Amino acid sequence: MSLGLAPGWLEQATSPELQRQVASLREYLREVPPPHDYARVALLWADRYLPGVLSADQKQDIVRVILDRQRPDGGWSIRSFARPEEWGRGNRAERLRAEADFGDPASDGHQTGLAVVVLSSAGVPPTHPAVQRGVEWLRRNQRESGRWWTKSLNTETWHFITYTGTLYPVMALAVTSSLTGTSSEER
């Protein structure tokens with residue numbers, strides 16, 4: 001993603017060695033299957049900025065995965081995008097399986113914001129019902145402090161993922177506002 005996000009970098013990378021390295025990266029991303037659906041979501045987002053990583057069918061498949069994982073409340077849960085054994089090389093599995101809501105994990109700011117951002121980057125319009133429901137979840141679940149909560153996959157004491165659990169919702173609200181032409185005050 002960073003190669004494609006750096007303004008003009010891909011266009012300026014004209015040396016044969018840099019072109020070979022970019023081609024090698026694209027090939028790696030095409031050939032090595034992501035270990036879980038969370039990584040597939042990230043790959044779909046990366047394809048927006050480094051085109052040619054995914055085929056049209058692969059993109060649609062990942063969009064379907066995201067849409068299928070939307071929870072009844074309109075949000076998404078990071079815990080539903082990988083099995084416990086797939087997070088942290090399996091060292092978190094026992095702790096994750098012991099969580100009270102393991103079978104029905106709550107929606108969180110991180111995955112809801114990320115889902116809306118990635119769906120938008122994949123061309124799903126902001127008027128799509130799933131995107132609208134995700135945005136509504138974000139509106140309903142922002143805390144008084146301004147943050148959105150996301151429970152850590154690693155620990156019960158430090159929930160640093162709440163930082164991206166706030167960043168992604170802000171990005172989601174910004175991208176859906178800019179796509180619909182509404183201001184944040186109107187939303």
# chains A, B, ... in the order shown; residues from 1 in each chain; ligands from 1
$ residues_around --residues "Leu153 of chain A" --least-positions-apart "4" --cutoff "12 Å" --atoms "only C-alpha atoms" --output "ChimeraX atom specification"
/A:77-80,82-88,90-99,102,105,108,110,157-162
$ residues_around --residues "Gly74 of chain A" --least-positions-apart "2" --cutoff "12 Å" --atoms "only C-alpha atoms" --output "PyMOL selection string"
chain A and resi 66-72+76-77+106-109+111-113+115-116+129-141
$ closest_residue --among "A:Pro169, A:Gly123, A:Gly146, A:Gly8" --to "Leu44 of chain A" --atoms "only C-alpha atoms"
A:Gly123
$ residues_around --residues "segment 49-56 of chain A" --least-positions-apart "2" --cutoff "9 Å" --atoms "only C-alpha atoms" --output "ChimeraX atom specification"
/A:1-5,10,25-30,43-47,58-61
$ closest_residue --among "A:Thr166, A:Ala39, A:Ser120, A:Trp9" --to "Ser178 of chain A" --atoms "only C-alpha atoms"
A:Ser120
$ atom_distance --atom1 "atom CA of Ala174 of chain A" --atom2 "atom CA of Val117 of chain A"
9.2 Å
$ select_by_dssp --residues "segment 43-124 of chain A" --states "helix (DSSP H, G or I)" --output "MDAnalysis selection string"
chainID A and resid 43:49 56:68 78:81 84:90 93:97 109:121
